[in-house]
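**Student:** Sending over my_file.cif (mmCIF, C-alpha atoms (C1' of nucleotides)).
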data_entry
loop_
_atom_site.label_atom_id
_atom_site.label_comp_id
_atom_site.auth_asym_id
_atom_site.auth_seq_id
_atom_site.Cartn_x
_atom_site.Cartn_y
_atom_site.Cartn_z
CA MET A 279 -1.05 28.34 -86.04
CA THR A 280 -1.27 28.00 -89.78
CA ASP A 281 1.47 25.42 -90.22
CA ASP A 282 4.03 23.59 -88.16
CA ASN A 283 6.71 26.11 -87.32
CA SER A 284 5.45 26.68 -83.81
CA PHE A 285 7.42 27.06 -80.59
CA MET A 286 10.06 29.17 -82.29
CA SER A 287 9.86 32.36 -80.33
CA GLY A 288 12.94 33.11 -78.28
CA LEU A 289 14.92 30.11 -79.45
CA PRO A 290 17.12 32.02 -81.90
CA GLU A 291 18.17 34.36 -79.12
CA LEU A 292 18.88 31.47 -76.78
CA ALA A 293 20.94 29.73 -79.45
CA ILE A 294 23.01 32.81 -80.23
CA LEU A 295 23.82 33.49 -76.60
CA ARG A 296 24.71 29.87 -75.98
CA LEU A 297 27.05 29.65 -78.96
CA LEU A 298 28.80 32.88 -78.04
CA GLN A 299 29.34 31.59 -74.55
CA ASP A 300 32.01 29.27 -75.95
CA ARG A 301 33.76 31.58 -78.39
CA GLU A 302 33.30 34.67 -80.48
CA MET A 303 31.57 34.08 -83.79
CA TYR A 304 30.28 36.07 -86.75
CA GLY A 305 26.72 36.20 -88.05
CA TYR A 306 26.99 34.00 -91.07
CA GLU A 307 28.86 31.41 -89.02
CA ILE A 308 26.15 31.44 -86.37
CA VAL A 309 23.45 30.79 -88.95
CA GLN A 310 25.32 27.71 -90.21
CA ALA A 311 26.25 26.53 -86.73
CA ILE A 312 22.70 26.49 -85.39
CA ALA A 313 21.43 24.45 -88.32
CA ALA A 314 24.43 22.11 -88.19
CA ARG A 315 24.35 21.41 -84.47
CA THR A 316 20.63 20.76 -84.40
CA GLY A 317 20.37 18.77 -87.61
CA SER A 318 18.23 21.60 -88.96
CA ALA A 319 15.57 21.05 -86.30
CA LEU A 320 16.33 24.65 -85.48
CA SER A 321 17.31 26.75 -88.45
CA PRO A 322 16.75 30.49 -88.23
CA GLY A 323 17.76 32.34 -91.40
CA GLU A 324 19.86 35.43 -91.81
CA GLY A 325 16.75 37.57 -91.68
CA VAL A 326 16.33 36.42 -88.09
CA ILE A 327 19.93 36.33 -86.92
CA TYR A 328 21.31 39.64 -88.15
CA PRO A 329 18.58 41.84 -86.69
CA LEU A 330 18.80 39.88 -83.45
CA LEU A 331 22.56 40.40 -83.22
CA HIS A 332 22.07 44.12 -83.68
CA ALA A 333 19.36 44.26 -81.05
CA LEU A 334 21.40 42.21 -78.59
CA GLU A 335 24.38 44.47 -79.09
CA LYS A 336 22.26 47.58 -78.63
CA SER A 337 20.88 46.13 -75.41
CA GLY A 338 24.41 45.49 -74.15
CA ALA A 339 24.27 41.70 -74.19
CA LEU A 340 26.87 41.46 -76.96
CA LYS A 341 29.84 43.43 -78.15
CA SER A 342 31.29 43.31 -81.65
CA ARG A 343 34.54 43.94 -83.44
CA ARG A 344 35.49 43.93 -87.09
CA LYS A 345 38.15 41.50 -88.09
CA SER A 346 39.75 40.75 -91.43
CA VAL A 347 40.38 37.10 -92.13
CA GLY A 348 41.98 36.23 -95.47
CA GLY A 349 40.89 39.49 -97.04
CA ARG A 350 37.35 38.96 -95.75
CA SER A 351 35.78 41.43 -93.39
CA ARG A 352 33.74 39.88 -90.64
CA VAL A 353 31.88 41.18 -87.62
CA TYR A 354 32.70 39.03 -84.63
CA TYR A 355 30.37 39.04 -81.64
CA SER A 356 31.13 38.04 -78.07
CA LEU A 357 29.16 37.78 -74.86
CA THR A 358 29.25 40.54 -72.24
CA ALA A 359 28.51 40.04 -68.54
CA LYS A 360 25.01 41.27 -69.22
CA GLY A 361 24.67 38.75 -72.04
CA ALA A 362 25.74 35.97 -69.71
CA ARG A 363 23.05 36.98 -67.23
CA ARG A 364 20.53 37.08 -70.03
CA LEU A 365 21.58 33.59 -71.10
CA SER A 366 21.13 32.16 -67.64
CA ALA A 367 17.74 33.86 -67.28
CA LEU A 368 16.57 32.40 -70.59
CA THR A 369 17.98 29.00 -69.72
CA SER A 370 16.10 28.78 -66.46
CA ARG A 371 12.96 30.07 -68.10
CA TRP A 372 13.28 27.34 -70.69
CA SER A 373 13.72 24.72 -67.98
CA GLU A 374 10.67 26.00 -66.19
CA LEU A 375 8.52 25.89 -69.30
CA ASN A 376 9.84 22.49 -70.17
CA GLY A 377 8.77 21.22 -66.77
CA ALA A 378 5.37 22.81 -67.19
CA VAL A 379 4.87 21.17 -70.55
CA ARG A 380 6.02 17.82 -69.22
CA THR A 381 3.45 18.10 -66.45
CA LEU A 382 0.76 19.11 -68.91
CA MET A 383 1.53 16.28 -71.26
CA GLY A 384 1.68 13.78 -68.45
CA GLY A 385 4.15 11.16 -69.57
CA ALA A 386 2.81 11.22 -73.12
CA LEU A 387 5.96 13.11 -74.02
CA ALA A 388 9.07 11.10 -74.86
CA VAL A 389 12.32 12.34 -73.37
CA ARG A 390 14.23 11.26 -76.45
CA MET B 176 13.18 40.19 -76.34
CA THR B 177 12.27 43.09 -74.10
CA ASP B 178 11.54 41.04 -70.99
CA ASP B 179 11.32 37.45 -69.88
CA ASN B 180 8.14 36.10 -71.40
CA SER B 181 9.96 34.27 -74.17
CA PHE B 182 9.30 30.78 -75.54
CA MET B 183 5.55 31.29 -75.33
CA SER B 184 4.52 30.91 -78.93
CA GLY B 185 2.46 27.84 -79.64
CA LEU B 186 2.27 26.66 -76.04
CA PRO B 187 -1.28 27.87 -75.39
CA GLU B 188 -2.48 25.89 -78.39
CA LEU B 189 -0.61 22.79 -77.25
CA ALA B 190 -2.07 23.13 -73.76
CA ILE B 191 -5.63 23.51 -75.00
CA LEU B 192 -5.42 20.49 -77.26
CA ARG B 193 -3.83 18.39 -74.55
CA LEU B 194 -6.48 19.28 -71.96
CA LEU B 195 -9.32 18.59 -74.36
CA GLN B 196 -7.84 15.21 -75.13
CA ASP B 197 -9.00 14.05 -71.70
CA ARG B 198 -12.44 15.64 -71.53
CA GLU B 199 -14.52 18.47 -72.89
CA MET B 200 -14.00 21.80 -71.19
CA TYR B 201 -15.12 25.40 -71.49
CA GLY B 202 -12.93 28.44 -72.04
CA TYR B 203 -12.88 29.93 -68.59
CA GLU B 204 -12.16 26.51 -67.14
CA ILE B 205 -9.25 26.01 -69.51
CA VAL B 206 -7.69 29.31 -68.48
CA GLN B 207 -7.78 28.27 -64.81
CA ALA B 208 -6.67 24.70 -65.52
CA ILE B 209 -3.53 25.68 -67.41
CA ALA B 210 -2.36 27.99 -64.64
CA ALA B 211 -3.29 25.49 -61.94
CA ARG B 212 -1.60 22.47 -63.50
CA THR B 213 1.62 24.30 -64.26
CA GLY B 214 1.87 26.28 -61.05
CA SER B 215 1.45 29.41 -63.17
CA ALA B 216 4.64 28.71 -65.09
CA LEU B 217 2.32 28.77 -68.06
CA SER B 218 -0.59 31.14 -67.69
CA PRO B 219 -2.21 32.45 -70.86
CA GLY B 220 -5.07 34.88 -70.18
CA GLU B 221 -8.55 34.95 -71.63
CA GLY B 222 -7.37 37.29 -74.36
CA VAL B 223 -5.21 34.41 -75.59
CA ILE B 224 -7.49 31.46 -74.99
CA TYR B 225 -10.81 32.65 -76.39
CA PRO B 226 -9.51 33.75 -79.79
CA LEU B 227 -7.51 30.54 -80.00
CA LEU B 228 -10.56 28.40 -79.28
CA HIS B 229 -12.44 30.19 -82.04
CA ALA B 230 -9.60 29.75 -84.49
CA LEU B 231 -9.19 26.08 -83.61
CA GLU B 232 -12.88 25.50 -84.08
CA LYS B 233 -12.86 27.31 -87.40
CA SER B 234 -9.95 25.16 -88.55
CA GLY B 235 -11.86 22.01 -87.58
CA ALA B 236 -9.63 20.93 -84.71
CA LEU B 237 -12.36 21.51 -82.14
CA LYS B 238 -16.10 21.35 -82.01
CA SER B 239 -18.29 23.17 -79.51
CA ARG B 240 -21.70 22.89 -77.94
CA ARG B 241 -23.62 25.14 -75.58
CA LYS B 242 -24.56 23.62 -72.29
CA SER B 243 -26.46 25.06 -69.36
CA VAL B 244 -25.08 24.11 -65.97
CA GLY B 245 -26.94 25.48 -62.97
CA GLY B 246 -28.51 28.25 -64.99
CA ARG B 247 -25.11 29.16 -66.43
CA SER B 248 -24.50 29.03 -70.13
CA ARG B 249 -21.17 27.59 -71.10
CA VAL B 250 -19.49 26.74 -74.38
CA TYR B 251 -17.90 23.32 -74.12
CA TYR B 252 -15.17 22.36 -76.55
CA SER B 253 -14.00 18.91 -77.51
CA LEU B 254 -11.31 17.48 -79.73
CA THR B 255 -12.06 16.28 -83.26
CA ALA B 256 -10.02 13.72 -85.18
CA LYS B 257 -8.30 16.60 -86.89
CA GLY B 258 -7.52 18.17 -83.53
CA ALA B 259 -6.00 14.90 -82.34
CA ARG B 260 -3.72 14.86 -85.39
CA ARG B 261 -2.79 18.46 -84.73
CA LEU B 262 -1.97 17.59 -81.14
CA SER B 263 0.31 14.76 -82.11
CA ALA B 264 2.04 16.93 -84.71
CA LEU B 265 2.65 19.66 -82.15
CA THR B 266 3.80 17.15 -79.58
CA SER B 267 6.42 15.65 -81.84
CA ARG B 268 7.53 19.08 -82.94
CA TRP B 269 7.98 20.03 -79.31
CA SER B 270 10.01 16.90 -78.68
CA GLU B 271 12.19 17.64 -81.65
CA LEU B 272 12.85 21.19 -80.55
CA ASN B 273 13.49 20.05 -77.04
CA GLY B 274 16.14 17.67 -78.30
CA ALA B 275 17.67 20.40 -80.41
CA VAL B 276 17.87 22.75 -77.45
CA ARG B 277 19.34 20.04 -75.25
CA THR B 278 22.03 19.46 -77.85
CA LEU B 279 22.69 23.16 -78.15
CA MET B 280 22.94 23.65 -74.42
CA GLY B 281 25.18 20.66 -74.05
CA GLY B 282 24.41 19.27 -70.64
CA ALA B 283 24.21 22.75 -69.14
CA LEU B 284 20.46 22.23 -69.01
CA ALA B 285 19.03 20.48 -65.99
CA VAL B 286 16.39 17.84 -66.62
CA ARG B 287 14.60 18.85 -63.43
"C1'" DC C 280 39.26 35.20 -118.54
"C1'" DT C 281 34.75 34.82 -117.26
"C1'" DA C 282 30.69 32.96 -115.13
"C1'" DT C 283 28.86 30.94 -111.26
"C1'" DT C 284 28.85 29.65 -106.51
"C1'" DA C 285 29.93 30.56 -101.75
"C1'" DT C 286 30.88 33.85 -98.25
"C1'" DA C 287 29.31 37.77 -95.61
"C1'" DC C 288 26.76 41.53 -94.59
"C1'" DC C 289 22.23 43.97 -94.51
"C1'" DT C 290 16.89 45.65 -94.62
"C1'" DC C 291 12.08 45.39 -95.38
"C1'" DG C 292 7.20 44.06 -95.20
"C1'" DA C 293 4.04 40.42 -94.25
"C1'" DG C 294 2.13 37.37 -91.11
"C1'" DA C 295 1.46 35.17 -86.61
"C1'" DC C 296 1.10 35.26 -81.90
"C1'" DT C 297 0.79 36.91 -77.15
"C1'" DC C 298 -0.80 40.25 -73.93
"C1'" DG C 299 -3.48 43.33 -71.18
"C1'" DA C 300 -7.17 46.32 -71.02
"C1'" DG C 301 -11.67 46.79 -71.57
"C1'" DG C 302 -16.60 45.46 -72.18
"C1'" DT C 303 -21.11 42.69 -71.19
"C1'" DA C 304 -24.05 39.65 -68.32
"C1'" DA C 305 -25.55 36.63 -64.90
"C1'" DT C 306 -25.00 34.27 -60.46
"C1'" DG C 307 -23.77 33.90 -55.56
"C1'" DA C 308 -22.21 35.70 -51.10
"C1'" DG C 309 -22.27 39.08 -47.45
"C1'" DC D 234 -28.36 45.71 -52.38
"C1'" DT D 235 -23.70 45.54 -53.44
"C1'" DC D 236 -19.65 43.33 -54.79
"C1'" DA D 237 -16.77 39.47 -56.20
"C1'" DT D 238 -16.88 35.60 -59.18
"C1'" DT D 239 -18.09 33.21 -63.19
"C1'" DA D 240 -18.25 33.28 -68.12
"C1'" DC D 241 -18.11 35.09 -72.41
"C1'" DC D 242 -16.03 38.32 -75.85
"C1'" DT D 243 -13.02 41.93 -78.79
"C1'" DC D 244 -9.52 45.17 -79.80
"C1'" DG D 245 -5.03 47.41 -80.48
"C1'" DA D 246 -0.28 47.35 -79.31
"C1'" DG D 247 3.85 45.11 -79.24
"C1'" DT D 248 7.08 41.44 -80.44
"C1'" DC D 249 8.92 38.03 -83.12
"C1'" DT D 250 9.85 35.01 -87.09
"C1'" DC D 251 10.23 34.45 -91.94
"C1'" DG D 252 11.39 34.81 -96.73
"C1'" DA D 253 12.56 37.72 -100.32
"C1'" DG D 254 15.48 40.85 -101.84
"C1'" DG D 255 19.78 43.70 -102.08
"C1'" DT D 256 25.11 44.60 -102.08
"C1'" DA D 257 29.85 43.19 -102.36
"C1'" DT D 258 33.92 40.27 -102.41
"C1'" DA D 259 36.50 35.85 -102.84
"C1'" DA D 260 36.94 31.22 -104.65
"C1'" DT D 261 35.93 27.79 -108.07
"C1'" DA D 262 34.61 26.02 -112.59
"C1'" DG D 263 34.51 26.10 -117.40
#
Mind turning this structure into structure tokens?

**Tutor:**
Amino acid sequence: MTDDNSFMSGLPELAILRLLQDREMYGYEIVQAIAARTGSALSPGEGVIYPLLHALEKSGALKSRRKSVGGRSRVYYSLTAKGARRLSALTSRWSELNGAVRTLMGGALAVR
Amino acid sequence: MTDDNSFMSGLPELAILRLLQDREMYGYEIVQAIAARTGSALSPGEGVIYPLLHALEKSGALKSRRKSVGGRSRVYYSLTAKGARRLSALTSRWSELNGAVRTLMGGALAVR
DNA sequence: CTATTATACCTCGAGACTCGAGGTAATGAG
DNA sequence: CTCATTACCTCGAGTCTCGAGGTATAATAG
């Protein structure tokens, strides 16, 4: 409540799952991609993304593999079936909340 | 991340400020109103609302007055100028994030 | 060749927020 | 008289984000 970073909870997870739906990616790449695609409106740092990736893998939503690209070692993550279910659950939850907020705000909220 | 209550952070505050924009209300009433207006999609309990009301008052976004209605003592809250500014800041932040998510999801997200 | 920047991974503690359980009182209904 | 409802409140647990900090290698600049 202190400053203006509200409404963040859950969005990094949603973003990760959505990006990995298209193709496998590695952590550092995901951090850049989220900021780039959203014009930095959404910009979780490495301190958010890496622990989340580990937790999502542990929960079975993601699987990882090491891959060497040009002498660089990267950890690539991809979506499992469980991760896909998680993504669709989060997506519909987001839709639901979005509808609720729209109702609450009563037209005062631009669709932009 | 454990279950499906994600995306909650900041929404109770937004809801309170938005409701008080229309008229003064008391805590218990706000709890019921949020659940009622959103069909329980959004339903913060008293343990969320009361501390938030106190914090918002302390920060100068709300002011309160005691009022006896039918022998019942209630604490009515209303929006200050500062609270109105806070509401508009949160509203535009929500719009921004909503746009970011829409971009991220890429059409996969229904507008409902 | 060497220094700095970019890539790529990671952890930790602080702070914020939600949540449910629990507690107190007074009023109204059966 | 008893119980559900109204109306207020606090507390601890759990979850999450955030920034700072740490390591190591490759590319670029001077």

**Student:** Taking into account all atoms listed in the file, which residue in the set C:DA295, C:DA308, C:DA300, C:DA282 is nearest to D:DG245?

**Tutor:**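 Of C:DA295, C:DA308, C:DA300, C:DA282, the one nearest D:DG245, counting all atoms listed in the file, is C:DA300.
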
**Student:** List every residue of chain D that has an atom at most 12 Å from any atom of chain A, giving for each one its closest atom pair and the distance in Å to one decimal, counting only C-alpha atoms (C1' of nucleotides), sorted by chain and then by ascending residue number, as a Markdown table.

**Tutor:**
| residue | atom | partner | partner_atom | distance |
| --- | --- | --- | --- | --- |
| D:DT248 | C1' | A:Ser287 | CA | 9.5 |
| D:DC249 | C1' | A:Ser287 | CA | 6.4 |
| D:DT250 | C1' | A:Val326 | CA | 6.7 |
| D:DC251 | C1' | A:Gly325 | CA | 7.2 |
| D:DG252 | C1' | A:Gly325 | CA | 7.9 |
| D:DA253 | C1' | A:Gly325 | CA | 9.6 |
| D:DG254 | C1' | A:Gly325 | CA | 10.8 |
| D:DA257 | C1' | A:Arg350 | CA | 10.9 |
| D:DT258 | C1' | A:Arg350 | CA | 7.6 |
| D:DA259 | C1' | A:Arg350 | CA | 7.8 |
| D:DA260 | C1' | A:Gly348 | CA | 11.6 |

**Student:** Output the contact residues of chain B with respect to chain A at a cut-off of 9 Å, based on all atoms listed in the file, as an NGL selection string.

**Tutor:** :B and (176 or 179-186 or 188-190 or 193-194 or 209 or 212-217 or 230-231 or 264-276 or 278-280 or 283-287)

**Student:** Write out, as a tab-separated table (two decimals), keeping the file's coordinate frame, the residues just selected, with C-alpha atoms.

**Tutor:**
chain	number	residue	atom	x	y	z
B	176	MET	CA	13.18	40.19	-76.34
B	179	ASP	CA	11.32	37.45	-69.88
B	180	ASN	CA	8.14	36.10	-71.40
B	181	SER	CA	9.96	34.27	-74.17
B	182	PHE	CA	9.30	30.78	-75.54
B	183	MET	CA	5.55	31.29	-75.33
B	184	SER	CA	4.52	30.91	-78.93
B	185	GLY	CA	2.46	27.84	-79.64
B	186	LEU	CA	2.27	26.66	-76.04
B	188	GLU	CA	-2.48	25.89	-78.39
B	189	LEU	CA	-0.61	22.79	-77.25
B	190	ALA	CA	-2.07	23.13	-73.76
B	193	ARG	CA	-3.83	18.39	-74.55
B	194	LEU	CA	-6.48	19.28	-71.96
B	209	ILE	CA	-3.53	25.68	-67.41
B	212	ARG	CA	-1.60	22.47	-63.50
B	213	THR	CA	1.62	24.30	-64.26
B	214	GLY	CA	1.87	26.28	-61.05
B	215	SER	CA	1.45	29.41	-63.17
B	216	ALA	CA	4.64	28.71	-65.09
B	217	LEU	CA	2.32	28.77	-68.06
B	230	ALA	CA	-9.60	29.75	-84.49
B	231	LEU	CA	-9.19	26.08	-83.61
B	264	ALA	CA	2.04	16.93	-84.71
B	265	LEU	CA	2.65	19.66	-82.15
B	266	THR	CA	3.80	17.15	-79.58
B	267	SER	CA	6.42	15.65	-81.84
B	268	ARG	CA	7.53	19.08	-82.94
B	269	TRP	CA	7.98	20.03	-79.31
B	270	SER	CA	10.01	16.90	-78.68
B	271	GLU	CA	12.19	17.64	-81.65
B	272	LEU	CA	12.85	21.19	-80.55
B	273	ASN	CA	13.49	20.05	-77.04
B	274	GLY	CA	16.14	17.67	-78.30
B	275	ALA	CA	17.67	20.40	-80.41
B	276	VAL	CA	17.87	22.75	-77.45
B	278	THR	CA	22.03	19.46	-77.85
B	279	LEU	CA	22.69	23.16	-78.15
B	280	MET	CA	22.94	23.65	-74.42
B	283	ALA	CA	24.21	22.75	-69.14
B	284	LEU	CA	20.46	22.23	-69.01
B	285	ALA	CA	19.03	20.48	-65.99
B	286	VAL	CA	16.39	17.84	-66.62
B	287	ARG	CA	14.60	18.85	-63.43

**Student:** When you look at B:Arg241 with a cut-off of 8 Å (counting all atoms listed in the file), what residues show up, excluding the ones that are within fewer than 6 positions of it in the same chain? I need them as a VMD selection string.

**Tutor:** chain B and resid 248 to 251

**Student:** Any chance you could export the current selection's C-alpha atoms as a tab-separated table (two decimals), in the coordinates of the input?

**Tutor:**
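Result file follows (again.tsv):
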chain	number	residue	atom	x	y	z
B	248	SER	CA	-24.50	29.03	-70.13
B	249	ARG	CA	-21.17	27.59	-71.10
B	250	VAL	CA	-19.49	26.74	-74.38
B	251	TYR	CA	-17.90	23.32	-74.12

**Student:** With a cut-off of 8 Å and counting only C-alpha atoms (C1' of nucleotides), select all residues of chain C in contact with chain B and give the selection as an MDAnalysis selection string.

**Tutor:** chainID C and resid 296:299 305:306

**Student:** May I have the selected residues written with C-alpha atoms (C1' of nucleotides), as a JSON list (two decimals), in the frame of the given file?

**Tutor:**
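As a result, again-v4.json now contains:
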[["chain", "number", "residue", "atom", "x", "y", "z"],
["C", 296, "DC", "C1'", 1.10, 35.26, -81.90],
["C", 297, "DT", "C1'", 0.79, 36.91, -77.15],
["C", 298, "DC", "C1'", -0.80, 40.25, -73.93],
["C", 299, "DG", "C1'", -3.48, 43.33, -71.18],
["C", 305, "DA", "C1'", -25.55, 36.63, -64.90],
["C", 306, "DT", "C1'", -25.00, 34.27, -60.46]]

**Student:** C:DG302, C:DT286, C:DC291, C:DG309: which is nearest A:Gly305, counting all atoms listed in the file?

**Tutor:**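 Ranked by minimum distance to A:Gly305, first place goes to C:DT286.
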
**Student:** Report as a ChimeraX atom specification the residues that result from applying the PyMOL selection byres ((chain B and resi 252-260) around 6) to the structure here.

**Tutor:** /B:195,199-201,236-239,251,261-263

**Student:** Name the residues within 10 Å of (34.5, 24.7, -103.5), counting all atoms listed in the file in the file's coordinates, and put them as a PDB file with C-alpha atoms (C1' of nucleotides), keeping the file's coordinate frame.

**Tutor:**
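File produced: point04.pdb:
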ATOM      1  C1'  DT C 284      28.850  29.650-106.510  1.00  0.00           C
ATOM      2  C1'  DA C 285      29.930  30.560-101.750  1.00  0.00           C
TER       3       DA C 285
ATOM      4  C1'  DA D 260      36.940  31.220-104.650  1.00  0.00           C
ATOM      5  C1'  DT D 261      35.930  27.790-108.070  1.00  0.00           C
ATOM      6  C1'  DA D 262      34.610  26.020-112.590  1.00  0.00           C
TER       7       DA D 262
END

**Student:** Go ahead and compute the interatomic distance for atom CA of B:Ile224 and atom CA of B:Val244, in Å to one decimal.

**Tutor:**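 So the two atoms, atom CA of B:Ile224 and atom CA of B:Val244, lie 21.1 Å apart.
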
**Student:** Separation of atom C1' of C:DA287 and atom C1' of D:DT256, in Å?

**Tutor:**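 Taking atom C1' of C:DA287 as the start and atom C1' of D:DT256 as the end point, the length is 10.3 Å.
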
**Student:** Could you tell me how far atom C1' of C:DT283 lies from atom C1' of D:DG263, in Å and to one decimal?

**Tutor:**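 Computing it gives 9.6 Å between the two atoms.
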
**Student:** Return chain A as a short mmCIF file (atom, residue, chain, number, x, y, z; two decimals) with C-alpha atoms, in the frame of the given file, after superposing it on chain B by a least-squares fit that covers all C-alpha atoms paired in order.

**Tutor:**
data_model
loop_
_atom_site.label_atom_id
_atom_site.label_comp_id
_atom_site.auth_asym_id
_atom_site.auth_seq_id
_atom_site.Cartn_x
_atom_site.Cartn_y
_atom_site.Cartn_z
CA MET A 279 13.18 40.16 -76.31
CA THR A 280 12.31 43.04 -74.05
CA ASP A 281 11.55 41.03 -70.93
CA ASP A 282 11.33 37.44 -69.83
CA ASN A 283 8.15 36.06 -71.33
CA SER A 284 9.94 34.27 -74.13
CA PHE A 285 9.30 30.81 -75.55
CA MET A 286 5.55 31.27 -75.35
CA SER A 287 4.54 30.88 -78.94
CA GLY A 288 2.47 27.80 -79.64
CA LEU A 289 2.28 26.65 -76.04
CA PRO A 290 -1.27 27.87 -75.42
CA GLU A 291 -2.47 25.88 -78.40
CA LEU A 292 -0.60 22.79 -77.25
CA ALA A 293 -2.06 23.13 -73.77
CA ILE A 294 -5.62 23.51 -75.00
CA LEU A 295 -5.42 20.49 -77.27
CA ARG A 296 -3.84 18.39 -74.55
CA LEU A 297 -6.47 19.27 -71.96
CA LEU A 298 -9.32 18.58 -74.36
CA GLN A 299 -7.84 15.21 -75.13
CA ASP A 300 -9.01 14.05 -71.70
CA ARG A 301 -12.45 15.65 -71.54
CA GLU A 302 -14.53 18.46 -72.89
CA MET A 303 -13.98 21.79 -71.18
CA TYR A 304 -15.11 25.40 -71.48
CA GLY A 305 -12.92 28.44 -72.04
CA TYR A 306 -12.88 29.92 -68.59
CA GLU A 307 -12.15 26.49 -67.13
CA ILE A 308 -9.24 26.00 -69.52
CA VAL A 309 -7.69 29.30 -68.48
CA GLN A 310 -7.77 28.25 -64.81
CA ALA A 311 -6.66 24.70 -65.53
CA ILE A 312 -3.51 25.67 -67.42
CA ALA A 313 -2.37 27.99 -64.65
CA ALA A 314 -3.27 25.47 -61.95
CA ARG A 315 -1.59 22.46 -63.50
CA THR A 316 1.62 24.30 -64.27
CA GLY A 317 1.88 26.29 -61.06
CA SER A 318 1.45 29.41 -63.18
CA ALA A 319 4.65 28.71 -65.11
CA LEU A 320 2.31 28.77 -68.06
CA SER A 321 -0.59 31.13 -67.70
CA PRO A 322 -2.21 32.44 -70.86
CA GLY A 323 -5.07 34.87 -70.19
CA GLU A 324 -8.54 34.95 -71.63
CA GLY A 325 -7.35 37.28 -74.36
CA VAL A 326 -5.20 34.41 -75.61
CA ILE A 327 -7.49 31.46 -75.00
CA TYR A 328 -10.81 32.64 -76.40
CA PRO A 329 -9.51 33.75 -79.79
CA LEU A 330 -7.50 30.54 -80.01
CA LEU A 331 -10.56 28.40 -79.30
CA HIS A 332 -12.44 30.19 -82.05
CA ALA A 333 -9.61 29.75 -84.50
CA LEU A 334 -9.18 26.08 -83.63
CA GLU A 335 -12.87 25.48 -84.09
CA LYS A 336 -12.88 27.29 -87.43
CA SER A 337 -9.95 25.16 -88.56
CA GLY A 338 -11.84 22.00 -87.60
CA ALA A 339 -9.61 20.94 -84.73
CA LEU A 340 -12.35 21.51 -82.15
CA LYS A 341 -16.10 21.35 -82.02
CA SER A 342 -18.29 23.17 -79.51
CA ARG A 343 -21.69 22.90 -77.93
CA ARG A 344 -23.61 25.15 -75.58
CA LYS A 345 -24.57 23.66 -72.29
CA SER A 346 -26.46 25.07 -69.34
CA VAL A 347 -25.10 24.12 -65.96
CA GLY A 348 -26.92 25.50 -62.91
CA GLY A 349 -28.46 28.33 -64.90
CA ARG A 350 -25.06 29.18 -66.37
CA SER A 351 -24.49 29.02 -70.09
CA ARG A 352 -21.16 27.59 -71.10
CA VAL A 353 -19.50 26.74 -74.38
CA TYR A 354 -17.91 23.32 -74.12
CA TYR A 355 -15.17 22.36 -76.56
CA SER A 356 -14.01 18.89 -77.52
CA LEU A 357 -11.31 17.47 -79.75
CA THR A 358 -12.08 16.27 -83.28
CA ALA A 359 -10.01 13.71 -85.19
CA LYS A 360 -8.29 16.59 -86.91
CA GLY A 361 -7.53 18.15 -83.53
CA ALA A 362 -6.00 14.90 -82.35
CA ARG A 363 -3.72 14.84 -85.38
CA ARG A 364 -2.80 18.44 -84.74
CA LEU A 365 -1.97 17.58 -81.13
CA SER A 366 0.32 14.75 -82.10
CA ALA A 367 2.04 16.91 -84.72
CA LEU A 368 2.66 19.65 -82.16
CA THR A 369 3.80 17.14 -79.58
CA SER A 370 6.42 15.64 -81.83
CA ARG A 371 7.53 19.07 -82.95
CA TRP A 372 7.97 20.02 -79.32
CA SER A 373 10.02 16.89 -78.67
CA GLU A 374 12.19 17.64 -81.65
CA LEU A 375 12.85 21.20 -80.55
CA ASN A 376 13.49 20.06 -77.04
CA GLY A 377 16.14 17.67 -78.30
CA ALA A 378 17.67 20.41 -80.41
CA VAL A 379 17.87 22.75 -77.46
CA ARG A 380 19.33 20.05 -75.25
CA THR A 381 22.03 19.47 -77.85
CA LEU A 382 22.68 23.18 -78.15
CA MET A 383 22.92 23.67 -74.43
CA GLY A 384 25.15 20.66 -74.02
CA GLY A 385 24.39 19.31 -70.59
CA ALA A 386 24.20 22.80 -69.11
CA LEU A 387 20.46 22.29 -69.01
CA ALA A 388 18.96 20.55 -65.99
CA VAL A 389 16.30 17.96 -66.69
CA ARG A 390 14.45 18.90 -63.53
#

**Student:** Could you tell me which residues the PyMOL selection byres ((chain D and resi 239) around 10) returns for this structure, as a PyMOL selection string?

**Tutor:** (chain B and resi 203-204+247) or (chain C and resi 305-307) or (chain D and resi 237-238+240-241)
